[in-house]
file start-v3.cif (mmCIF, C-alpha atoms)
data_final
#
loop_
_atom_site.label_atom_id
_atom_site.label_comp_id
_atom_site.auth_asym_id
_atom_site.auth_seq_id
_atom_site.Cartn_x
_atom_site.Cartn_y
_atom_site.Cartn_z
CA ARG N 4 -9.68 72.51 9.61
CA ALA N 5 -6.68 70.82 11.20
CA LEU N 6 -6.00 67.17 10.40
CA MET N 7 -6.35 66.14 14.05
CA ARG N 8 -6.74 67.93 17.41
CA ILE N 9 -3.95 66.62 19.66
CA LEU N 10 -3.44 67.43 23.34
CA HIS N 11 -0.20 66.42 25.03
CA LEU N 12 -0.33 65.99 28.82
CA THR N 13 2.88 66.30 30.78
CA VAL N 14 3.90 66.84 34.39
CA GLY N 15 5.74 70.13 33.98
CA LEU N 16 7.62 72.21 31.47
CA SER N 17 11.07 72.25 33.04
CA ILE N 18 14.14 71.20 31.06
CA GLY N 19 14.65 67.46 30.67
CA GLY N 20 14.75 64.61 28.19
CA ALA N 21 11.00 63.91 28.16
CA GLU N 22 10.28 67.62 27.74
CA ARG N 23 12.76 67.85 24.85
CA ALA N 24 11.04 64.92 23.13
CA LEU N 25 7.68 66.61 23.73
CA VAL N 26 8.82 69.83 22.02
CA ASP N 27 10.19 67.92 19.04
CA LEU N 28 7.04 65.81 18.65
CA ALA N 29 4.58 68.69 19.12
CA ALA N 30 6.47 70.95 16.69
CA ALA N 31 6.59 68.18 14.05
CA GLN N 32 2.87 67.48 14.43
CA GLN N 33 2.09 71.20 14.15
CA ALA N 34 4.20 71.42 10.98
CA LEU N 35 2.19 68.54 9.48
CA GLY N 36 -1.06 70.48 9.93
CA HIS N 37 -2.39 69.10 13.20
CA GLU N 38 -3.85 71.37 15.90
CA VAL N 39 -1.48 70.67 18.79
CA ALA N 40 -1.38 71.95 22.36
CA VAL N 41 0.35 71.00 25.62
CA LEU N 42 -1.16 70.90 29.10
CA ALA N 43 1.18 70.59 32.08
CA VAL N 44 -0.65 69.18 35.10
CA ARG N 45 1.66 70.69 37.73
CA ARG N 46 3.72 73.66 36.57
CA GLY N 47 5.03 75.74 33.69
CA GLY N 48 8.69 76.32 32.91
CA PRO N 49 11.23 77.30 30.26
CA ILE N 50 10.01 74.69 27.77
CA ALA N 51 6.75 76.69 27.50
CA LEU N 52 8.66 79.43 25.67
CA GLU N 53 10.11 76.92 23.19
CA LEU N 54 6.66 75.49 22.51
CA GLN N 55 5.20 78.96 21.99
CA ARG N 56 8.01 79.83 19.54
CA CYS N 57 7.00 76.76 17.54
CA GLY N 58 3.38 77.95 17.54
CA VAL N 59 2.25 75.30 20.01
CA PRO N 60 0.01 76.72 22.76
CA CYS N 61 0.52 75.45 26.29
CA ALA N 62 -1.17 75.93 29.65
CA TRP N 63 -0.65 74.89 33.28
CA PRO N 64 -2.24 75.70 36.65
CA GLY N 65 -1.80 79.44 37.13
CA ALA N 66 -1.24 80.16 33.42
CA PRO N 67 -3.00 83.22 31.96
CA ALA N 68 -6.60 82.70 30.83
CA ALA N 69 -5.56 83.26 27.20
CA ALA N 70 -3.32 80.17 27.42
CA TRP N 71 -6.26 78.04 28.53
CA ARG N 72 -8.48 79.40 25.75
CA ALA N 73 -5.86 78.38 23.16
CA LEU N 74 -6.15 74.69 24.05
CA PRO N 75 -8.11 72.60 21.54
CA ARG N 76 -11.71 71.83 22.40
CA ARG N 77 -12.55 68.13 22.40
CA PRO N 78 -9.14 66.76 21.37
CA GLU N 79 -9.25 63.65 19.23
CA LEU N 80 -6.00 62.33 20.69
CA VAL N 81 -4.61 62.80 24.20
CA HIS N 82 -0.97 61.73 24.56
CA GLY N 83 0.41 61.38 28.09
CA HIS N 84 4.10 61.91 28.85
CA LEU N 85 5.49 60.58 32.15
CA PHE N 86 3.57 58.60 34.75
CA ALA N 87 1.82 61.42 36.65
CA ALA N 88 0.45 62.87 33.39
CA ASP N 89 -0.71 59.40 32.31
CA VAL N 90 -2.66 59.05 35.56
CA ALA N 91 -4.16 62.55 35.18
CA GLY N 92 -5.21 61.77 31.59
#
call {"tool": "encode", "arguments": {"input": "start-v3.cif", "output": "structure tokens"}}
result
Amino acid sequence: RALMRILHLTVGLSIGGAERALVDLAAAQQALGHEVAVLAVRRGGPIALELQRCGVPCAWPGAPAAAWRALPRRPELVHGHLFAADVAG
């Protein structure tokens, strides 16, 4: 079993400073043994590929069903990034 189930909420997965920090944090948490996933509340983008290469599943509206199934059930920690994701969380 993973140490902790962590879900990161963000606005989108385009390229930017907050998204870069999200990739770094999620990858480090995954490497420590946590079950980590990312949910974008508005859109996907190129950062999704980076997350997937690190083994971190991610989903967004319109993402394939398999992406949604990979998200952790009943996360123990939900971490919001950027204001709109904080409000959605």
call {"tool": "resolve_selection", "arguments": {"input": "start-v3.cif", "expression": "the PyMOL selection byres ((chain N and resi 50) around 9)", "output": "PyMOL selection string"}}
result
chain N and resi 15-18+22-23+26+47-49+51-55
call {"tool": "residues_around", "arguments": {"input": "start-v3.cif", "residues": "His11 in chain N", "least_positions_apart": "5", "cutoff": "10 Å", "atoms": "all atoms listed in the file", "output": "ChimeraX atom specification"}}
result
/N:25,28-29,39-43,61,78,80-84,88,92
call {"tool": "write_last_selection", "arguments": {"input": "start-v3.cif", "atoms": "C-alpha atoms", "output": "compact mmCIF listing (two decimals), keeping the file's coordinate frame"}}
result
# COMPACT_ATOMS: atom_id res chain seq x y z
CA LEU N 25 7.68 66.61 23.73
CA LEU N 28 7.04 65.81 18.65
CA ALA N 29 4.58 68.69 19.12
CA VAL N 39 -1.48 70.67 18.79
CA ALA N 40 -1.38 71.95 22.36
CA VAL N 41 0.35 71.00 25.62
CA LEU N 42 -1.16 70.90 29.10
CA ALA N 43 1.18 70.59 32.08
CA CYS N 61 0.52 75.45 26.29
CA PRO N 78 -9.14 66.76 21.37
CA LEU N 80 -6.00 62.33 20.69
CA VAL N 81 -4.61 62.80 24.20
CA HIS N 82 -0.97 61.73 24.56
CA GLY N 83 0.41 61.38 28.09
CA HIS N 84 4.10 61.91 28.85
CA ALA N 88 0.45 62.87 33.39
CA GLY N 92 -5.21 61.77 31.59
call {"tool": "closest_residue", "arguments": {"input": "start-v3.cif", "among": "N:Ala31, N:Leu85, N:Leu12, N:Ala24", "to": "Ala62 in chain N", "atoms": "only C-alpha atoms"}}
result
N:Leu12
call {"tool": "resolve_selection", "arguments": {"input": "start-v3.cif", "expression": "the PyMOL selection byres ((chain N and resi 5) around 7)", "output": "VMD selection string"}}
result
chain N and resid 4 6 to 8 36 to 38
call {"tool": "atom_distance", "arguments": {"input": "start-v3.cif", "atom1": "CA of Gly19 in chain N", "atom2": "CA of Ala69 in chain N"}}
result
25.9 Å
call {"tool": "atom_distance", "arguments": {"input": "start-v3.cif", "atom1": "CA of Ala30 in chain N", "atom2": "CA of Gly58 in chain N"}}
result
7.7 Å
call {"tool": "atom_distance", "arguments": {"input": "start-v3.cif", "atom1": "CA of Ala34 in chain N", "atom2": "CA of Gly65 in chain N"}}
result
28.0 Å
call {"tool": "axis_aligned_box", "arguments": {"input": "start-v3.cif", "around": "range 61-73 of chain N", "padding_each_side": "6 Å", "output": "AutoDock Vina command-line options"}}
result
--center_x -4.0 --center_y 79.1 --center_z 30.1 --size_x 21.0 --size_y 20.4 --size_z 26.0
call {"tool": "build_atoms", "arguments": {"input": "start-v3.cif", "residues": "range 7-24 of chain N", "atoms": "N, CA and C atoms", "output": "JSON list (two decimals), in the coordinates of the input"}}
result
[["chain", "number", "residue", "atom", "x", "y", "z"],
["N", 7, "MET", "N", -5.93, 66.77, 12.80],
["N", 7, "MET", "CA", -6.35, 66.14, 14.05],
["N", 7, "MET", "C", -6.08, 67.11, 15.20],
["N", 8, "ARG", "N", -6.95, 67.12, 16.20],
["N", 8, "ARG", "CA", -6.74, 67.93, 17.41],
["N", 8, "ARG", "C", -6.02, 67.05, 18.43],
["N", 9, "ILE", "N", -4.79, 67.43, 18.77],
["N", 9, "ILE", "CA", -3.95, 66.62, 19.66],
["N", 9, "ILE", "C", -3.61, 67.43, 20.90],
["N", 10, "LEU", "N", -3.81, 66.81, 22.06],
["N", 10, "LEU", "CA", -3.44, 67.43, 23.34],
["N", 10, "LEU", "C", -2.41, 66.55, 24.01],
["N", 11, "HIS", "N", -1.25, 67.13, 24.29],
["N", 11, "HIS", "CA", -0.20, 66.42, 25.03],
["N", 11, "HIS", "C", -0.31, 66.79, 26.50],
["N", 12, "LEU", "N", -0.34, 65.78, 27.37],
["N", 12, "LEU", "CA", -0.33, 65.99, 28.82],
["N", 12, "LEU", "C", 1.06, 65.67, 29.34],
["N", 13, "THR", "N", 1.58, 66.55, 30.17],
["N", 13, "THR", "CA", 2.88, 66.30, 30.78],
["N", 13, "THR", "C", 2.85, 66.80, 32.22],
["N", 14, "VAL", "N", 3.85, 66.45, 32.99],
["N", 14, "VAL", "CA", 3.90, 66.84, 34.39],
["N", 14, "VAL", "C", 4.23, 68.32, 34.50],
["N", 15, "GLY", "N", 5.31, 68.74, 33.91],
["N", 15, "GLY", "CA", 5.74, 70.13, 33.98],
["N", 15, "GLY", "C", 6.53, 70.48, 32.74],
["N", 16, "LEU", "N", 6.91, 71.73, 32.65],
["N", 16, "LEU", "CA", 7.62, 72.21, 31.47],
["N", 16, "LEU", "C", 9.02, 72.69, 31.81],
["N", 17, "SER", "N", 9.67, 71.97, 32.74],
["N", 17, "SER", "CA", 11.07, 72.25, 33.04],
["N", 17, "SER", "C", 11.93, 71.56, 31.99],
["N", 18, "ILE", "N", 13.24, 71.75, 32.08],
["N", 18, "ILE", "CA", 14.14, 71.20, 31.06],
["N", 18, "ILE", "C", 14.51, 69.76, 31.42],
["N", 19, "GLY", "N", 14.31, 68.87, 30.46],
["N", 19, "GLY", "CA", 14.65, 67.46, 30.67],
["N", 19, "GLY", "C", 14.47, 66.70, 29.37],
["N", 20, "GLY", "N", 14.82, 65.43, 29.39],
["N", 20, "GLY", "CA", 14.75, 64.61, 28.19],
["N", 20, "GLY", "C", 13.33, 64.40, 27.68],
["N", 21, "ALA", "N", 12.39, 64.11, 28.59],
["N", 21, "ALA", "CA", 11.00, 63.91, 28.16],
["N", 21, "ALA", "C", 10.42, 65.21, 27.61],
["N", 22, "GLU", "N", 10.78, 66.32, 28.21],
["N", 22, "GLU", "CA", 10.28, 67.62, 27.74],
["N", 22, "GLU", "C", 10.87, 67.97, 26.37],
["N", 23, "ARG", "N", 12.13, 67.61, 26.15],
["N", 23, "ARG", "CA", 12.76, 67.85, 24.85],
["N", 23, "ARG", "C", 12.05, 67.03, 23.77],
["N", 24, "ALA", "N", 11.76, 65.77, 24.08],
["N", 24, "ALA", "CA", 11.04, 64.92, 23.13],
["N", 24, "ALA", "C", 9.65, 65.48, 22.86]]
